[in-house]
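Note: the block below is run-v6.txt and it holds compact mmCIF, C-alpha atoms.
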# COMPACT_ATOMS: atom_id res chain seq x y z
CA MET L 1 16.59 -102.12 -2.64
CA SER L 2 19.35 -99.52 -2.67
CA SER L 3 22.36 -100.05 -4.92
CA LYS L 4 24.50 -100.28 -1.77
CA ASN L 5 22.40 -103.20 -0.51
CA GLU L 6 22.49 -104.82 -3.94
CA THR L 7 26.27 -104.57 -3.93
CA GLN L 8 26.44 -106.18 -0.50
CA VAL L 9 24.18 -109.03 -1.64
CA ALA L 10 26.27 -109.50 -4.80
CA VAL L 11 29.45 -109.64 -2.74
CA THR L 12 27.86 -112.13 -0.34
CA SER L 13 26.55 -114.37 -3.11
CA SER L 14 29.76 -114.23 -5.17
CA LYS L 15 31.71 -115.39 -2.11
CA ARG L 16 30.79 -118.88 -1.05
CA LEU L 17 28.62 -118.65 2.05
CA ALA L 18 30.35 -120.20 5.04
CA LEU L 19 29.82 -120.41 8.77
CA ASP L 20 32.49 -118.82 10.95
CA PRO L 21 34.24 -121.71 12.79
CA ALA L 22 34.89 -119.36 15.71
CA ASN L 23 31.22 -118.35 15.92
CA LEU L 24 29.11 -121.39 15.05
CA PRO L 25 25.32 -121.27 15.58
CA SER L 26 24.31 -122.09 19.16
CA ILE L 27 21.25 -123.24 21.08
CA HIS L 28 20.93 -121.35 24.36
CA GLY L 29 24.70 -120.81 24.40
CA LEU L 30 25.54 -124.44 23.57
CA THR L 31 27.70 -124.92 20.48
CA VAL L 32 29.17 -127.97 18.78
CA GLU L 33 32.95 -128.43 19.16
CA ARG L 34 32.83 -126.70 22.56
CA PHE L 35 33.64 -128.22 25.95
CA GLU L 36 30.73 -128.09 28.41
CA HIS L 37 30.68 -129.92 31.74
CA ASP L 38 27.24 -128.68 32.92
CA VAL L 39 24.77 -128.96 30.04
CA GLN L 40 21.85 -129.61 32.40
CA GLY L 41 22.66 -126.57 34.55
CA LEU L 42 22.81 -124.29 31.53
CA LEU L 43 19.49 -125.50 30.14
CA GLU L 44 17.74 -125.35 33.52
CA LYS L 45 18.94 -121.76 33.88
CA VAL L 46 16.91 -120.78 30.78
CA GLY L 47 13.78 -122.60 31.93
CA TYR L 48 14.07 -126.21 30.77
CA GLN L 49 13.08 -128.96 33.15
CA GLY L 50 12.52 -132.71 33.28
CA CYS L 51 16.09 -133.39 32.18
CA THR L 52 17.29 -136.94 31.67
CA VAL L 53 21.05 -137.26 31.74
CA ASP L 54 23.54 -140.00 31.06
CA GLU L 55 27.27 -139.61 30.52
CA THR L 56 27.03 -138.54 26.89
CA LYS L 57 23.42 -137.42 26.38
CA THR L 58 21.26 -134.76 28.03
CA VAL L 59 17.63 -134.29 27.03
CA CYS L 60 15.58 -131.46 28.58
CA SER L 61 12.03 -130.31 27.89
CA LEU L 62 10.03 -127.11 28.23
CA GLU L 63 6.26 -126.73 28.36
CA LYS L 64 4.48 -123.40 27.84
CA ASP L 65 0.87 -122.47 27.08
CA THR L 66 1.77 -121.91 23.43
CA LEU L 67 4.44 -124.51 22.74
CA SER L 68 6.34 -127.55 23.90
CA GLU L 69 9.96 -128.24 23.10
CA THR L 70 12.85 -130.58 23.66
CA VAL L 71 16.59 -129.95 23.49
CA SER L 72 18.97 -132.91 23.10
CA VAL L 73 22.72 -132.54 23.60
CA LEU L 74 25.26 -135.21 22.65
CA THR L 75 28.86 -135.15 23.87
CA GLN L 76 32.08 -137.12 23.71
CA ASP L 77 34.65 -136.39 26.43
CA GLU L 78 32.39 -133.43 27.41
CA ASN L 79 32.81 -131.84 23.96
CA ILE L 80 29.50 -131.29 22.19
CA TYR L 81 29.12 -132.98 18.79
CA GLY L 82 25.34 -132.92 18.39
CA LEU L 83 22.55 -130.48 19.26
CA GLN L 84 18.90 -130.90 18.37
CA ARG L 85 16.01 -128.61 19.32
CA GLU L 86 12.44 -129.56 18.48
CA VAL L 87 9.67 -127.00 18.97
CA SER L 88 6.00 -127.81 18.52
CA PHE L 89 3.42 -124.99 18.55
CA LYS L 90 0.09 -125.81 20.18
CA ASN L 91 -1.57 -123.33 17.82
CA PRO L 92 0.00 -122.63 14.42
CA ALA L 93 2.21 -119.53 14.41
CA PRO L 94 2.50 -116.98 11.55
CA ARG L 95 5.46 -117.92 9.36
CA ALA L 96 6.67 -114.31 9.01
CA ALA L 97 7.00 -113.94 12.79
CA ILE L 98 8.88 -117.24 13.15
CA MET L 99 11.21 -116.41 10.24
CA GLY L 100 11.88 -112.98 11.77
CA LYS L 101 13.03 -114.64 15.00
CA LEU L 102 15.22 -117.15 13.11
CA LEU L 103 16.79 -114.34 11.03
CA ASP L 104 17.66 -112.47 14.24
CA ALA L 105 19.05 -115.54 16.00
CA TYR L 106 20.84 -117.09 12.99
CA PRO L 107 21.64 -114.27 10.53
CA VAL L 108 24.18 -116.32 8.53
CA LEU L 109 22.60 -119.78 8.59
CA THR L 110 19.20 -118.48 7.40
CA HIS L 111 20.83 -117.32 4.14
CA PHE L 112 22.05 -120.77 3.11
CA GLU L 113 20.00 -122.78 0.63
CA ASN L 114 17.29 -124.61 2.60
CA MET L 115 18.83 -122.93 5.68
CA THR L 116 21.33 -125.80 5.74
CA ALA L 117 25.12 -125.49 5.95
CA THR L 118 27.32 -128.53 5.37
CA GLN L 119 30.57 -129.35 3.59
CA ASP L 120 29.13 -132.73 2.60
CA LYS L 121 27.01 -132.84 -0.54
CA THR L 122 25.72 -136.33 0.35
CA CYS L 123 24.75 -135.14 3.83
CA ARG L 124 22.75 -132.24 2.34
CA ILE L 125 20.93 -134.51 -0.12
CA THR L 126 20.19 -137.14 2.52
CA TYR L 127 18.96 -134.89 5.32
CA VAL L 128 17.48 -131.76 3.75
CA ASN L 129 13.87 -131.53 5.04
CA ASN L 130 14.67 -134.66 7.05
CA SER L 131 17.23 -133.40 9.57
CA GLY L 132 15.77 -135.38 12.47
CA GLU L 133 17.28 -138.55 11.03
CA LEU L 134 20.92 -137.39 11.21
CA LEU L 135 21.40 -137.81 14.96
CA LYS L 136 18.65 -140.40 15.46
CA GLN L 137 20.95 -143.39 16.00
CA ALA L 138 23.36 -141.39 18.16
CA LEU L 139 20.42 -140.29 20.35
CA GLU L 140 19.16 -143.87 20.63
CA LYS L 141 22.62 -145.36 21.34
CA PRO L 142 24.84 -142.50 22.54
CA SER L 143 27.54 -144.84 23.87
CA ASN L 144 27.74 -147.12 20.83
CA ALA L 145 31.30 -146.62 19.57
CA GLU L 146 30.65 -148.21 16.16
CA ALA L 147 27.58 -146.07 15.46
CA LEU L 148 29.51 -142.92 16.42
CA ARG L 149 32.50 -143.92 14.31
CA GLN L 150 30.22 -144.52 11.32
CA LEU L 151 28.52 -141.13 11.82
CA SER L 152 31.86 -139.30 11.94
CA ASP L 153 33.22 -141.27 8.95
CA ASN L 154 30.14 -140.49 6.84
CA TYR L 155 29.45 -136.85 7.71
CA ASN L 156 31.76 -134.04 8.68
CA ASP L 157 29.39 -131.25 9.73
CA TYR L 158 25.76 -130.18 9.47
CA HIS L 159 23.84 -127.11 10.64
CA SER L 160 20.18 -126.91 9.71
CA LEU L 161 17.03 -124.92 10.50
CA GLU L 162 13.83 -126.69 9.47
CA VAL L 163 10.42 -124.95 9.54
CA PHE L 164 7.24 -127.00 9.23
CA GLY L 165 4.37 -125.29 7.40
CA GLU L 166 3.96 -122.66 4.69
CA ASP L 167 1.69 -119.76 5.77
CA THR L 168 1.50 -120.96 9.35
CA VAL L 169 4.13 -122.94 11.22
CA SER L 170 3.35 -126.01 13.32
CA GLY L 171 6.92 -126.48 14.52
CA ILE L 172 10.63 -126.02 13.93
CA ARG L 173 13.67 -128.27 14.23
CA LEU L 174 17.29 -127.18 14.67
CA VAL L 175 20.07 -129.71 14.16
CA PHE L 176 23.73 -128.79 14.65
CA TYR L 177 26.47 -131.40 14.29
CA SER L 178 30.25 -131.66 14.01
CA SER L 179 32.31 -134.84 13.71
CA LYS L 180 35.37 -133.21 15.31
CA PRO L 181 34.62 -134.14 18.97
CA ILE L 182 33.98 -137.76 17.93
CA LYS L 183 37.23 -137.90 15.92
CA ASP L 184 39.14 -136.37 18.84
CA ALA L 185 37.63 -138.98 21.21
CA ILE L 186 38.64 -141.77 18.80
CA GLU L 187 42.19 -140.43 18.55
CA ASN L 188 42.55 -139.96 22.31
CA ARG L 189 40.68 -143.16 23.29
CA LYS L 190 38.20 -141.10 25.34
CA GLY L 191 34.43 -141.28 25.84
CA ALA L 192 32.85 -144.24 24.03
CA PHE L 193 36.29 -145.15 22.65
CA GLN L 194 38.01 -145.94 25.94
CA ILE L 195 39.34 -149.47 25.70
CA SER L 196 39.23 -151.66 28.77
CA SER L 197 41.70 -154.52 29.12
CA LYS L 198 39.25 -156.39 31.38
CA PRO L 199 37.79 -158.63 28.61
CA ALA L 200 41.33 -159.78 27.75
CA GLN L 201 42.12 -160.40 31.42
CA ASP L 202 38.96 -162.48 31.80
CA LEU L 203 39.86 -164.68 28.84
CA THR L 204 41.59 -167.89 29.86
CA PHE L 205 43.19 -170.69 27.82

Written as structure tokens, that's how I'd like the structure from this file.
Amino acid sequence: MSSKNETQVAVTSSKRLALDPANLPSIHGLTVERFEHDVQGLLEKVGYQGCTVDETKTVCSLEKDTLSETVSVLTQDENIYGLQREVSFKNPAPRAAIMGKLLDAYPVLTHFENMTATQDKTCRITYVNNSGELLKQALEKPSNAEALRQLSDNYNDYHSLEVFGEDTVSGIRLVFYSSKPIKDAIENRKGAFQISSKPAQDLTF
């Protein structure tokens, strides 16, 4: 390693690594904290199919000879708060090749410890090597206001790349999350937090 490179590494490691809020990691152009009214259209444009869509969740899949994958997108008031991409290789892939692709696609995130960036120490401890659990309840009940409120109360942000396998890789999982769209929906009474007066009207004494 040249001394110039060593200096750059020293500077990088002496500064606290941080994601750029204006340039957060994306999945096929989808990024948390961004407004997106046509998630399905964007994913279909890059080859995904078999999409299932409800108001706040879009799940699309992709099948190739070598791999199968699923992308799940969670929104509140059309602002993305959760992204999850699961890739499963039909034949194990060389780790070096997979890591090379991840380094190209996510040059900052790959340099974090365990390739996980979060402001929440508890979130890191809870979900490192277990990132699929973070959005599990939100994916199961995307319109459940209490579950979403609890998620946003407990965890602020989380960006993680998870690679399964040492020498060869059987799959990868990407999980990107931000509580901001949920908190904005709570504040503005939008999405799952719209309050209907109908129950009160239906109540009689």

message: Considering all atoms listed in the file, can you say which of L:Arg173, L:Lys45, L:Lys136, L:Lys121 comes closest to L:Asn154?
response: L:Lys121

Draw an axis-aligned box tight on the listed atoms of stretch 158-176 of chain L, then pad every side by 6 Å and write out centre and edge lengths in Å to one decimal as JSON.
{"center_x": 13.6, "center_y": -125.0, "center_z": 9.7, "size_x": 36.3, "size_y": 22.4, "size_z": 22.0}

field: Nearest-residue call for L:Glu78, choices L:Leu30, L:Leu24, L:Ala18, L:Leu103, using only C-alpha atoms
entry: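 Closest candidate: L:Leu30.
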
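Computed from the coordinates, the atom CA of L:Thr66 to atom CA of L:Tyr106 distance equals 22.3 Å.
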
message: Report, in Å with one decimal, the straight-line distance from atom CA of L:Ala147 to atom CA of L:Ser179.
response: 12.3 Å

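Atom CA of L:Tyr81 is found 9.7 Å from atom CA of L:Ser152.
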
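Proximity of L:Gln194, L:Val46, L:Asn79, L:Pro107 to L:Gly29, computed with all atoms listed in the file, is greatest for L:Val46.
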
task: Mind checking which residues fall within 10 Å of L:Glu36, counting all atoms listed in the file, ignoring those fewer than 3 positions away in the same chain, and posting them as a PyMOL selection string?
output: chain L and resi 30-33+39-40+42+75+77-80

What does the file look like for those residues with C-alpha atoms, as a PDB file, keeping the file's coordinate frame?
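Saved to part.pdb:
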ATOM      1  CA  LEU L  30      25.540-124.440  23.570  1.00  0.00           C
ATOM      2  CA  THR L  31      27.700-124.920  20.480  1.00  0.00           C
ATOM      3  CA  VAL L  32      29.170-127.970  18.780  1.00  0.00           C
ATOM      4  CA  GLU L  33      32.950-128.430  19.160  1.00  0.00           C
ATOM      5  CA  VAL L  39      24.770-128.960  30.040  1.00  0.00           C
ATOM      6  CA  GLN L  40      21.850-129.610  32.400  1.00  0.00           C
ATOM      7  CA  LEU L  42      22.810-124.290  31.530  1.00  0.00           C
ATOM      8  CA  THR L  75      28.860-135.150  23.870  1.00  0.00           C
ATOM      9  CA  ASP L  77      34.650-136.390  26.430  1.00  0.00           C
ATOM     10  CA  GLU L  78      32.390-133.430  27.410  1.00  0.00           C
ATOM     11  CA  ASN L  79      32.810-131.840  23.960  1.00  0.00           C
ATOM     12  CA  ILE L  80      29.500-131.290  22.190  1.00  0.00           C
TER      13      ILE L  80
END

task: Quick one: everything within 6 Å of L:Tyr48, counting only C-alpha atoms, minus sequence neighbours fewer than 3 positions away in the same chain. Send it as a list of chain:residue names.
output: L:Leu43, L:Glu44, L:Cys60, L:Ser61, L:Leu62

Kindly save the residues from that selection, with C-alpha atoms included, as a JSON list (two decimals), keeping the file's coordinate frame.
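Written out: again.json:
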[["chain", "number", "residue", "atom", "x", "y", "z"],
["L", 43, "LEU", "CA", 19.49, -125.50, 30.14],
["L", 44, "GLU", "CA", 17.74, -125.35, 33.52],
["L", 60, "CYS", "CA", 15.58, -131.46, 28.58],
["L", 61, "SER", "CA", 12.03, -130.31, 27.89],
["L", 62, "LEU", "CA", 10.03, -127.11, 28.23]]

List the residues sitting within 12 Å of (14.5, -133.0, 4.7) in the file's frame, using only C-alpha atoms, as a tab-separated table (two decimals) with C-alpha atoms, in the coordinates of the input.
chain	number	residue	atom	x	y	z
L	114	ASN	CA	17.29	-124.61	2.60
L	115	MET	CA	18.83	-122.93	5.68
L	116	THR	CA	21.33	-125.80	5.74
L	123	CYS	CA	24.75	-135.14	3.83
L	124	ARG	CA	22.75	-132.24	2.34
L	125	ILE	CA	20.93	-134.51	-0.12
L	126	THR	CA	20.19	-137.14	2.52
L	127	TYR	CA	18.96	-134.89	5.32
L	128	VAL	CA	17.48	-131.76	3.75
L	129	ASN	CA	13.87	-131.53	5.04
L	130	ASN	CA	14.67	-134.66	7.05
L	131	SER	CA	17.23	-133.40	9.57
L	132	GLY	CA	15.77	-135.38	12.47
L	133	GLU	CA	17.28	-138.55	11.03
L	134	LEU	CA	20.92	-137.39	11.21
L	160	SER	CA	20.18	-126.91	9.71
L	161	LEU	CA	17.03	-124.92	10.50
L	162	GLU	CA	13.83	-126.69	9.47
L	163	VAL	CA	10.42	-124.95	9.54
L	164	PHE	CA	7.24	-127.00	9.23
L	173	ARG	CA	13.67	-128.27	14.23
L	174	LEU	CA	17.29	-127.18	14.67
L	175	VAL	CA	20.07	-129.71	14.16

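Using all atoms listed in the file, the shortest contact distance between L:Lys180 and any of L:Val108, L:Leu148, L:Leu139, L:Cys51 is found at L:Leu148.
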
Pick from L:Asp38, L:Glu55, L:Asp167, L:Asp202 nearest to L:Met99, counting all atoms listed in the file: L:Asp167

message: Which residue is closest to L:Val53? Choose from L:Val71, L:Val169, L:Ala192, L:Leu135 and count only C-alpha atoms.
response: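 Ranked by minimum distance to L:Val53, first place goes to L:Val71.
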
- request: Please provide as a ChimeraX atom specification all residues within 7 Å of L:Ala117, with the sequence filter that same-chain residues fewer than 4 positions apart are discarded (counting all atoms listed in the file).
  value: /L:109,112,158-160

message: I want to know what sits within 7 Å of L:Ser170, based on all atoms listed in the file, with residues of the same chain fewer than 6 positions away left out; could you give that as a list in words?
response: Ser88, Phe89, Pro92, Ala93 and Phe164 of chain L

task: Counting all atoms listed in the file, write as a count of residues only all protein and nucleic acid residues lying at most 7 Å from (28.8, -131.5, 8.1) in the file's frame.
output: 10

Where atoms are missing, can you supply N, CA, C and O atoms for stretch 166-181 of chain L and output the lot as a PDB file, in the frame of the given file?
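What follows is the written file rebuild-v4.pdb:
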ATOM      1  N   GLU L 166       3.737-123.743   5.657  1.00  0.00           N
ATOM      2  CA  GLU L 166       3.960-122.660   4.690  1.00  0.00           C
ATOM      3  C   GLU L 166       3.499-121.321   5.263  1.00  0.00           C
ATOM      4  O   GLU L 166       4.304-120.534   5.732  1.00  0.00           O
ATOM      5  N   ASP L 167       2.181-121.041   5.241  1.00  0.00           N
ATOM      6  CA  ASP L 167       1.690-119.760   5.770  1.00  0.00           C
ATOM      7  C   ASP L 167       1.753-119.726   7.287  1.00  0.00           C
ATOM      8  O   ASP L 167       2.082-118.722   7.896  1.00  0.00           O
ATOM      9  N   THR L 168       1.395-120.862   7.890  1.00  0.00           N
ATOM     10  CA  THR L 168       1.500-120.960   9.350  1.00  0.00           C
ATOM     11  C   THR L 168       2.451-122.104   9.684  1.00  0.00           C
ATOM     12  O   THR L 168       2.612-123.048   8.917  1.00  0.00           O
ATOM     13  N   VAL L 169       3.079-121.997  10.833  1.00  0.00           N
ATOM     14  CA  VAL L 169       4.130-122.940  11.220  1.00  0.00           C
ATOM     15  C   VAL L 169       3.649-123.782  12.390  1.00  0.00           C
ATOM     16  O   VAL L 169       3.198-123.254  13.410  1.00  0.00           O
ATOM     17  N   SER L 170       3.753-125.106  12.235  1.00  0.00           N
ATOM     18  CA  SER L 170       3.350-126.010  13.320  1.00  0.00           C
ATOM     19  C   SER L 170       4.526-126.352  14.231  1.00  0.00           C
ATOM     20  O   SER L 170       4.350-126.756  15.372  1.00  0.00           O
ATOM     21  N   GLY L 171       5.752-126.177  13.702  1.00  0.00           N
ATOM     22  CA  GLY L 171       6.920-126.480  14.520  1.00  0.00           C
ATOM     23  C   GLY L 171       8.212-126.163  13.801  1.00  0.00           C
ATOM     24  O   GLY L 171       8.216-125.856  12.602  1.00  0.00           O
ATOM     25  N   ILE L 172       9.309-126.205  14.530  1.00  0.00           N
ATOM     26  CA  ILE L 172      10.630-126.020  13.930  1.00  0.00           C
ATOM     27  C   ILE L 172      11.592-127.057  14.516  1.00  0.00           C
ATOM     28  O   ILE L 172      11.376-127.572  15.613  1.00  0.00           O
ATOM     29  N   ARG L 173      12.630-127.357  13.757  1.00  0.00           N
ATOM     30  CA  ARG L 173      13.670-128.270  14.230  1.00  0.00           C
ATOM     31  C   ARG L 173      15.027-127.662  13.895  1.00  0.00           C
ATOM     32  O   ARG L 173      15.268-127.251  12.767  1.00  0.00           O
ATOM     33  N   LEU L 174      15.918-127.624  14.874  1.00  0.00           N
ATOM     34  CA  LEU L 174      17.290-127.180  14.670  1.00  0.00           C
ATOM     35  C   LEU L 174      18.206-128.361  14.923  1.00  0.00           C
ATOM     36  O   LEU L 174      18.059-129.037  15.945  1.00  0.00           O
ATOM     37  N   VAL L 175      19.108-128.626  13.993  1.00  0.00           N
ATOM     38  CA  VAL L 175      20.070-129.710  14.160  1.00  0.00           C
ATOM     39  C   VAL L 175      21.463-129.175  13.845  1.00  0.00           C
ATOM     40  O   VAL L 175      21.712-128.692  12.736  1.00  0.00           O
ATOM     41  N   PHE L 176      22.350-129.223  14.822  1.00  0.00           N
ATOM     42  CA  PHE L 176      23.730-128.790  14.650  1.00  0.00           C
ATOM     43  C   PHE L 176      24.645-129.967  14.985  1.00  0.00           C
ATOM     44  O   PHE L 176      24.478-130.603  16.032  1.00  0.00           O
ATOM     45  N   TYR L 177      25.610-130.222  14.108  1.00  0.00           N
ATOM     46  CA  TYR L 177      26.470-131.400  14.290  1.00  0.00           C
ATOM     47  C   TYR L 177      27.878-131.125  13.774  1.00  0.00           C
ATOM     48  O   TYR L 177      28.064-130.462  12.758  1.00  0.00           O
ATOM     49  N   SER L 178      28.868-131.662  14.488  1.00  0.00           N
ATOM     50  CA  SER L 178      30.250-131.660  14.010  1.00  0.00           C
ATOM     51  C   SER L 178      30.907-132.981  14.382  1.00  0.00           C
ATOM     52  O   SER L 178      30.765-133.453  15.514  1.00  0.00           O
ATOM     53  N   SER L 179      31.641-133.554  13.448  1.00  0.00           N
ATOM     54  CA  SER L 179      32.310-134.840  13.710  1.00  0.00           C
ATOM     55  C   SER L 179      33.595-134.665  14.538  1.00  0.00           C
ATOM     56  O   SER L 179      34.134-135.631  15.064  1.00  0.00           O
ATOM     57  N   LYS L 180      34.057-133.428  14.682  1.00  0.00           N
ATOM     58  CA  LYS L 180      35.370-133.210  15.310  1.00  0.00           C
ATOM     59  C   LYS L 180      35.472-133.791  16.727  1.00  0.00           C
ATOM     60  O   LYS L 180      36.448-134.490  17.037  1.00  0.00           O
ATOM     61  N   PRO L 181      34.494-133.558  17.631  1.00  0.00           N
ATOM     62  CA  PRO L 181      34.620-134.140  18.970  1.00  0.00           C
ATOM     63  C   PRO L 181      34.651-135.675  18.966  1.00  0.00           C
ATOM     64  O   PRO L 181      35.324-136.282  19.806  1.00  0.00           O
TER      65      PRO L 181
END
